[in-house]
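So this one's run.cif, mmCIF, C-alpha atoms and all ligand atoms:
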data_start
loop_
_atom_site.label_atom_id
_atom_site.label_comp_id
_atom_site.auth_asym_id
_atom_site.auth_seq_id
_atom_site.Cartn_x
_atom_site.Cartn_y
_atom_site.Cartn_z
CA MET A 982 46.97 -23.59 54.78
CA HIS A 983 48.25 -27.13 55.25
CA THR A 984 46.68 -27.52 58.67
CA PHE A 985 48.52 -29.61 61.30
CA GLY A 986 50.88 -30.69 58.48
CA GLN A 987 48.11 -32.35 56.43
CA PRO A 988 48.51 -31.35 52.76
CA SER A 989 45.49 -29.47 51.41
CA ASP A 990 43.67 -30.45 48.21
CA MET A 991 46.12 -28.62 45.98
CA ASP A 992 44.77 -29.83 42.62
CA GLY A 993 41.39 -28.35 43.59
CA LEU A 994 42.91 -25.10 44.84
CA ILE A 995 45.21 -24.72 41.82
CA ALA A 996 42.21 -25.16 39.49
CA LEU A 997 40.17 -22.65 41.52
CA ALA A 998 43.01 -20.09 41.49
CA HIS A 999 43.40 -20.61 37.74
CA ASP A 1000 39.66 -20.22 37.00
CA PHE A 1001 39.39 -16.96 38.97
CA ASN A 1002 42.86 -15.64 38.08
CA LEU A 1003 43.99 -15.57 41.70
CA ALA A 1004 47.52 -15.80 43.09
CA LEU A 1005 47.79 -18.94 45.22
CA VAL A 1006 49.78 -18.42 48.42
CA GLU A 1007 50.41 -21.50 50.56
CA ASP A 1008 50.74 -21.26 54.31
CA ALA A 1009 53.09 -24.20 54.84
CA ALA A 1010 54.14 -23.04 58.32
CA GLU A 1011 53.04 -26.38 59.79
CA SER A 1012 53.88 -28.69 56.90
CA LEU A 1013 57.64 -28.76 56.33
CA GLY A 1014 58.34 -32.36 55.26
CA SER A 1015 54.76 -32.95 53.97
CA LEU A 1016 54.27 -33.87 50.32
CA TYR A 1017 51.16 -33.55 48.17
CA ARG A 1018 51.32 -36.26 45.48
CA GLY A 1019 55.11 -36.12 45.57
CA ARG A 1020 55.37 -32.33 45.57
CA HIS A 1021 56.51 -30.48 48.68
CA THR A 1022 53.85 -28.33 50.32
CA GLY A 1023 54.58 -24.65 49.83
CA THR A 1024 56.05 -25.14 46.34
CA MET A 1025 52.86 -25.39 44.27
CA GLY A 1026 51.50 -21.85 44.57
CA ARG A 1027 53.03 -18.53 43.56
CA LEU A 1028 54.54 -18.33 47.03
CA GLY A 1029 54.77 -20.57 50.09
CA ALA A 1030 55.64 -19.63 53.67
CA LEU A 1031 57.47 -21.83 56.21
CA SER A 1032 57.80 -21.16 59.91
CA PHE A 1033 60.77 -22.02 62.10
CA ASN A 1034 58.99 -20.91 65.27
CA GLY A 1035 59.75 -22.82 68.47
CA ASN A 1036 56.61 -25.00 68.25
CA LYS A 1037 57.12 -26.15 64.64
CA ILE A 1038 58.59 -29.42 63.31
CA VAL A 1039 62.02 -27.82 63.06
CA THR A 1040 62.96 -24.59 64.74
CA CYS A 1041 65.71 -22.02 64.81
CA GLY A 1042 64.08 -20.11 67.65
CA GLY A 1043 61.95 -17.99 65.38
CA GLY A 1044 61.63 -16.78 61.83
CA GLY A 1045 60.81 -18.67 58.67
CA ALA A 1046 61.34 -18.79 54.93
CA LEU A 1047 59.53 -18.02 51.72
CA LEU A 1048 59.45 -20.53 48.85
CA THR A 1049 58.92 -19.42 45.26
CA ASN A 1050 60.08 -20.22 41.74
CA ASP A 1051 59.56 -16.60 40.71
CA ILE A 1052 63.03 -15.01 40.84
CA ALA A 1053 61.74 -11.44 40.63
CA LEU A 1054 59.35 -12.09 43.51
CA ALA A 1055 62.14 -13.73 45.55
CA ASP A 1056 64.44 -10.75 44.95
CA HIS A 1057 61.71 -8.31 45.92
CA ALA A 1058 60.86 -10.26 49.11
CA LYS A 1059 64.54 -10.26 50.08
CA HIS A 1060 64.78 -6.54 49.36
CA LEU A 1061 61.74 -5.78 51.55
CA SER A 1062 62.96 -8.04 54.36
CA THR A 1063 66.39 -6.40 54.41
CA THR A 1064 65.15 -2.84 54.99
CA ALA A 1065 64.73 -2.12 51.23
CA LYS A 1066 68.25 -0.74 51.13
CA LYS A 1067 69.70 -0.32 47.66
CA PRO A 1068 73.10 -1.99 47.24
CA HIS A 1069 75.74 0.73 47.23
CA ALA A 1070 79.37 1.01 48.31
CA TRP A 1071 78.65 3.63 50.98
CA ALA A 1072 75.26 5.36 50.61
CA TYR A 1073 72.21 4.39 52.68
CA VAL A 1074 69.27 4.64 50.30
CA HIS A 1075 65.99 2.86 51.08
CA ASP A 1076 63.72 2.93 48.03
CA GLU A 1077 60.58 1.36 49.57
CA VAL A 1078 58.97 0.88 52.96
CA GLY A 1079 61.11 -2.03 54.15
CA TYR A 1080 61.31 -4.33 57.14
CA ASN A 1081 64.11 -5.71 59.26
CA PHE A 1082 63.14 -9.39 58.95
CA ARG A 1083 66.66 -10.77 58.52
CA MET A 1084 67.43 -14.05 60.23
CA PRO A 1085 70.52 -13.77 62.44
CA ASN A 1086 73.35 -16.16 61.49
CA LEU A 1087 73.19 -17.90 64.87
CA ASN A 1088 69.55 -18.82 64.31
CA ALA A 1089 70.31 -19.92 60.75
CA ALA A 1090 73.09 -22.24 62.00
CA LEU A 1091 70.62 -23.90 64.38
CA GLY A 1092 68.13 -24.15 61.50
CA CYS A 1093 70.65 -25.94 59.29
CA ALA A 1094 71.35 -28.49 62.03
CA GLN A 1095 67.60 -28.96 62.56
CA LEU A 1096 67.00 -29.53 58.83
CA GLU A 1097 69.44 -32.46 58.96
CA GLN A 1098 67.04 -34.08 61.42
CA LEU A 1099 63.82 -33.37 59.52
CA THR A 1100 63.56 -36.85 57.97
CA THR A 1101 64.02 -38.48 61.39
CA PHE A 1102 61.39 -36.20 62.93
CA VAL A 1103 58.88 -36.97 60.15
CA GLU A 1104 59.53 -40.72 60.50
CA SER A 1105 59.04 -40.58 64.28
CA LYS A 1106 55.83 -38.62 63.92
CA ASN A 1107 54.51 -41.15 61.36
CA LYS A 1108 55.34 -43.94 63.82
CA LEU A 1109 53.44 -42.09 66.52
CA THR A 1110 50.40 -41.78 64.20
CA ALA A 1111 50.51 -45.52 63.59
CA ALA A 1112 50.67 -46.13 67.35
CA TYR A 1113 47.67 -43.86 67.98
CA ALA A 1114 45.79 -45.55 65.12
CA SER A 1115 46.32 -49.02 66.56
CA ALA A 1116 45.38 -47.83 70.07
CA ILE A 1117 42.17 -46.29 68.74
CA GLU A 1118 41.43 -49.41 66.74
CA LYS A 1119 41.85 -51.59 69.82
CA GLN A 1120 39.67 -49.34 71.93
CA PHE A 1121 36.85 -48.53 69.54
CA VAL A 1122 36.82 -50.49 66.29
CA SER A 1123 36.61 -53.84 68.01
CA LEU A 1124 33.74 -52.55 70.17
CA HIS A 1125 31.80 -50.93 67.33
CA LYS A 1126 32.62 -53.64 64.81
CA GLU A 1127 32.13 -52.28 61.29
CA SER A 1128 30.22 -49.15 62.36
CA PRO A 1129 31.16 -46.05 60.33
CA ASP A 1130 30.13 -43.97 63.36
CA LEU A 1131 33.16 -44.34 65.58
CA PRO A 1132 33.11 -41.81 68.44
CA ILE A 1133 36.59 -40.61 67.52
CA ARG A 1134 38.57 -40.70 64.33
CA LEU A 1135 42.31 -40.14 63.86
CA LEU A 1136 43.10 -37.74 61.03
CA ARG A 1137 45.33 -39.54 58.52
CA ALA A 1138 46.66 -38.39 55.16
CA PRO A 1139 45.58 -40.32 52.04
CA SER A 1140 48.26 -42.76 50.88
CA GLU A 1141 49.31 -40.63 47.87
CA ASN A 1142 50.49 -37.91 50.27
CA ARG A 1143 53.21 -37.82 52.90
CA CYS A 1144 52.25 -36.03 56.10
CA ASN A 1145 54.73 -34.71 58.67
CA TYR A 1146 52.03 -35.15 61.38
CA TRP A 1147 53.21 -31.96 63.04
CA LEU A 1148 50.19 -32.23 65.30
CA GLN A 1149 48.34 -35.49 65.82
CA THR A 1150 44.63 -34.88 65.50
CA ILE A 1151 41.45 -36.67 66.44
CA LEU A 1152 37.98 -35.67 65.33
CA LEU A 1153 35.03 -36.28 67.65
CA HIS A 1154 31.81 -37.58 66.14
CA PRO A 1155 29.22 -34.73 66.03
CA SER A 1156 27.05 -36.65 68.50
CA ILE A 1157 29.68 -36.22 71.24
CA GLU A 1158 31.07 -32.79 70.33
CA GLN A 1159 29.53 -31.32 73.53
CA GLN A 1160 31.98 -33.49 75.47
CA ARG A 1161 35.10 -31.95 73.92
CA ASP A 1162 35.95 -29.74 76.90
CA GLU A 1163 35.24 -32.57 79.33
CA ILE A 1164 37.67 -34.78 77.37
CA LEU A 1165 40.28 -31.98 77.31
CA ALA A 1166 39.92 -31.43 81.07
CA ALA A 1167 40.12 -35.15 81.91
CA THR A 1168 43.12 -35.86 79.68
CA ASN A 1169 45.03 -32.80 80.90
CA ALA A 1170 44.27 -33.75 84.51
CA ALA A 1171 45.68 -37.20 83.76
CA GLY A 1172 48.91 -35.64 82.43
CA TYR A 1173 48.22 -35.78 78.68
CA ALA A 1174 48.66 -32.37 77.04
CA THR A 1175 45.68 -32.46 74.68
CA ARG A 1176 44.56 -29.19 73.10
CA PRO A 1177 41.59 -27.80 71.17
CA ALA A 1178 42.17 -26.34 67.70
CA TRP A 1179 43.09 -22.65 67.52
CA ASN A 1180 40.13 -20.31 67.47
CA LEU A 1181 38.82 -19.47 64.02
CA LEU A 1182 39.82 -15.95 62.94
CA HIS A 1183 36.26 -14.73 62.48
CA THR A 1184 35.54 -15.46 66.15
CA LEU A 1185 38.40 -13.25 67.40
CA ALA A 1186 37.55 -9.73 68.59
CA PRO A 1187 39.33 -7.77 65.80
CA TYR A 1188 37.52 -9.69 63.04
CA THR A 1189 34.00 -10.31 64.34
CA THR A 1190 32.61 -7.60 62.06
CA ALA A 1191 34.71 -8.54 59.00
CA PRO A 1192 32.80 -9.71 55.91
CA ARG A 1193 32.68 -13.48 55.53
CA ALA A 1194 30.94 -16.36 53.84
CA PRO A 1195 29.19 -19.06 55.87
CA LEU A 1196 31.88 -21.02 57.70
CA SER A 1197 29.86 -23.93 59.03
CA ILE A 1198 32.41 -26.61 58.07
CA GLY A 1199 35.27 -24.82 59.83
CA GLU A 1200 33.04 -24.20 62.84
CA SER A 1201 32.02 -27.86 63.01
CA LEU A 1202 35.65 -29.01 62.78
CA TRP A 1203 36.67 -26.51 65.45
CA ARG A 1204 34.07 -27.93 67.86
CA ARG A 1205 35.30 -31.50 67.22
CA ILE A 1206 39.10 -31.32 66.87
CA ILE A 1207 41.43 -32.40 69.65
CA ASN A 1208 45.20 -32.38 69.16
CA LEU A 1209 47.04 -35.18 70.94
CA PRO A 1210 50.61 -35.08 72.32
CA SER A 1211 52.72 -34.99 69.14
CA SER A 1212 56.39 -34.72 70.00
CA ALA A 1213 58.75 -36.56 67.67
CA GLY A 1214 60.30 -37.99 70.82
CA LEU A 1215 57.11 -39.97 71.53
CA GLY A 1216 57.37 -41.86 68.24
CA GLN A 1217 60.88 -43.24 68.61
C1 LIG B 1301 53.06 -20.95 63.19
C2 LIG B 1301 52.16 -20.54 62.10
C3 LIG B 1301 52.26 -19.29 61.51
C4 LIG B 1301 53.19 -18.22 62.02
O1 LIG B 1301 54.50 -18.54 61.93
P1 LIG B 1301 55.53 -17.65 62.76
O2 LIG B 1301 56.87 -18.13 62.28
O3 LIG B 1301 55.29 -17.93 64.20
O4 LIG B 1301 55.25 -16.23 62.38
C5 LIG B 1301 51.45 -18.98 60.45
N1 LIG B 1301 50.57 -19.88 59.98
C6 LIG B 1301 50.42 -21.08 60.53
C7 LIG B 1301 49.42 -22.03 59.95
C8 LIG B 1301 51.20 -21.46 61.61
O5 LIG B 1301 51.04 -22.67 62.18
#
Translate this structure into structure tokens?
Amino acid sequence: MHTFGQPSDMDGLIALAHDFNLALVEDAAESLGSLYRGRHTGTMGRLGALSFNGNKIVTCGGGGALLTNDIALADHAKHLSTTAKKPHAWAYVHDEVGYNFRMPNLNAALGCAQLEQLTTFVESKNKLTAAYASAIEKQFVSLHKESPDLPIRLLRAPSENRCNYWLQTILLHPSIEQQRDEILAATNAAGYATRPAWNLLHTLAPYTTAPRAPLSIGESLWRRIINLPSSAGLGQ
């Protein structure tokens, strides 16, 4: 998963998948327009998934797309998403359990128009990141001088990647993580729509008893992440 639009460490994941003979599936729902070392997120695994939900960088109301270079897999996905009906002049034969996941043409038309704006959206969101970075620098770096222990840090992609900055993200220093909710309450009261990260799956009721490895890094990030207002309109 390319979280908040930040490309994951794909070289590491590709090597891991190769070593253990695993199929690599990329959740690129949040990262349309983000590149990992020049390659588009969602195109490096066996399969990638994009989302065009209303809260994503481009939308067509709902729905999404699969990305793959495997033609047989693409054909099968299309077959399953179009009720698994065999092509025939007049007979209705469904040869697998299929799904009605077709995107209506009206939504697709909106999606095409949105895609034309993707570059502009990504540019605006990068400008917004730069604006947040300079605000944070003014507020904290000058006060703390060269200290590596800034109270908050803006999440930025390494220079070899391009990030769509779908959601702007700050990370609280562990020493102030107890203040996250206080910060969320104060900023929301002041009219800034800040948000915590989504709850980790293993903390949700249906999965609390599911097997899992230790997830201390995810849990620490979850306690410390705050998403800032991120609309492309703010970066223009
Ligand atoms: C939005 C999102 C999804 C779901 O996409 P839908 O199009 O709403 O089904 C899946 N994974 C991630 C990481 C997302 O952000």
(request) Quick one: pull the distance between atom CA of A:Ser1201 and atom CA of A:Asp990, Å, one decimal. (result)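 Going from atom CA of A:Ser1201 over to atom CA of A:Asp990 covers 19.0 Å.
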(request) Record the distance separating atom CA of A:Arg1027 and atom CA of A:Glu1007, expressed in Å with one decimal. (result)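 Rounded to one decimal, the two atoms are 8.0 Å apart.
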Counting only C-alpha atoms, which residues have an atom no more than 8 Å from (48.5, -15.4, 42.8) in the file's coordinates? Please list them as a compact mmCIF listing (two decimals) with C-alpha atoms, in the frame of the given file.
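Saved result, selection.txt, follows:
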# COMPACT_ATOMS: atom_id res chain seq x y z
CA ALA A 998 43.01 -20.09 41.49
CA ASN A 1002 42.86 -15.64 38.08
CA LEU A 1003 43.99 -15.57 41.70
CA ALA A 1004 47.52 -15.80 43.09
CA LEU A 1005 47.79 -18.94 45.22
CA VAL A 1006 49.78 -18.42 48.42
CA GLY A 1026 51.50 -21.85 44.57
CA ARG A 1027 53.03 -18.53 43.56
CA LEU A 1028 54.54 -18.33 47.03
Each chain A residue no farther than 7 Å from ligand LIG 1301 (chain B), nearest pair in Å, all atoms listed in the file, as CSV:
residue,atom,partner,partner_atom,distance
A:Met982,CA,B:LIG1301,C7,5.9
A:Thr984,CA,B:LIG1301,C7,6.3
A:Asp1008,CA,B:LIG1301,N1,5.8
A:Ala1009,CA,B:LIG1301,C7,6.7
A:Ala1010,CA,B:LIG1301,C8,4.7
A:Glu1011,CA,B:LIG1301,O5,4.8
A:Ser1032,CA,B:LIG1301,O2,4.0
A:Phe1033,CA,B:LIG1301,O2,5.5
A:Asn1034,CA,B:LIG1301,O2,4.6
A:Lys1037,CA,B:LIG1301,C1,6.8
A:Gly1043,CA,B:LIG1301,O2,6.0
A:Gly1044,CA,B:LIG1301,O2,5.0
A:Gly1045,CA,B:LIG1301,O2,5.4
(message) Between A:Trp1179, A:Thr1168, A:Leu1202, A:Asp1076, which residue has the minimum interatomic distance to A:Ile1151, considering all atoms listed in the file?
(response)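 That would be A:Leu1202, the residue with the smallest distance to A:Ile1151.
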(message) Between A:Ser1105, A:Thr1190, A:Ser989, A:Ser1197, which residue has the minimum interatomic distance to A:Trp1147, considering only C-alpha atoms?
(response)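 Checking each candidate against A:Trp1147, we get A:Ser1105 as the closest.
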(request) Rank nothing, just name the residue among A:Met991, A:Ala1186, A:Ala1116, A:Leu1016 nearest to A:Asn1142, using all atoms listed in the file. (result) A:Leu1016
(request) In the coordinate frame of the file, compute which residues have an atom within 10 Å of (53.0, -42.3, 62.8) when using all atoms listed in the file, and state them as a list of chain:residue names. (result) A:Val1103, A:Glu1104, A:Ser1105, A:Lys1106, A:Asn1107, A:Lys1108, A:Leu1109, A:Thr1110, A:Ala1111, A:Ala1112, A:Tyr1113, A:Ala1114, A:Arg1137, A:Cys1144, A:Asn1145, A:Tyr1146, A:Gln1149, A:Ser1211, A:Ala1213, A:Leu1215, A:Gly1216, A:Gln1217
(request) Pick out the closest residue to A:Ile1206 from this set: A:Ser1156, A:Thr1175, A:Thr1189, A:Thr1150. Count all atoms listed in the file. (result) A:Thr1150
(request) Mind giving me the straight-line distance from atom CA of A:Trp1071 to atom CA of A:Lys1059 in Å, one decimal? (result)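 For atom CA of A:Trp1071 relative to atom CA of A:Lys1059, the distance reads 19.8 Å.
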(message) Considering all atoms listed in the file, can you say which of A:Ala1065, A:Leu1031, A:Met1025, A:Ala996 comes closest to A:Asn1050?
(response)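 Result for the nearest residue to A:Asn1050: A:Met1025.
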(message) Using all atoms listed in the file, can you tell me which of A:Glu1163, A:Leu1209, A:Pro1085, A:His999 comes closest to A:Leu1136?
(response)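 Closest residue, counting all atoms listed in the file: A:Leu1209.
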Each side padded by 3 Å, which centre and which edge lengths in Å (one decimal) define the axis-aligned box around the listed atoms of stretch 997-1007 of chain A? Give them as JSON.
{"center_x": 44.9, "center_y": -19.1, "center_z": 43.8, "size_x": 17.0, "size_y": 13.1, "size_z": 19.6}
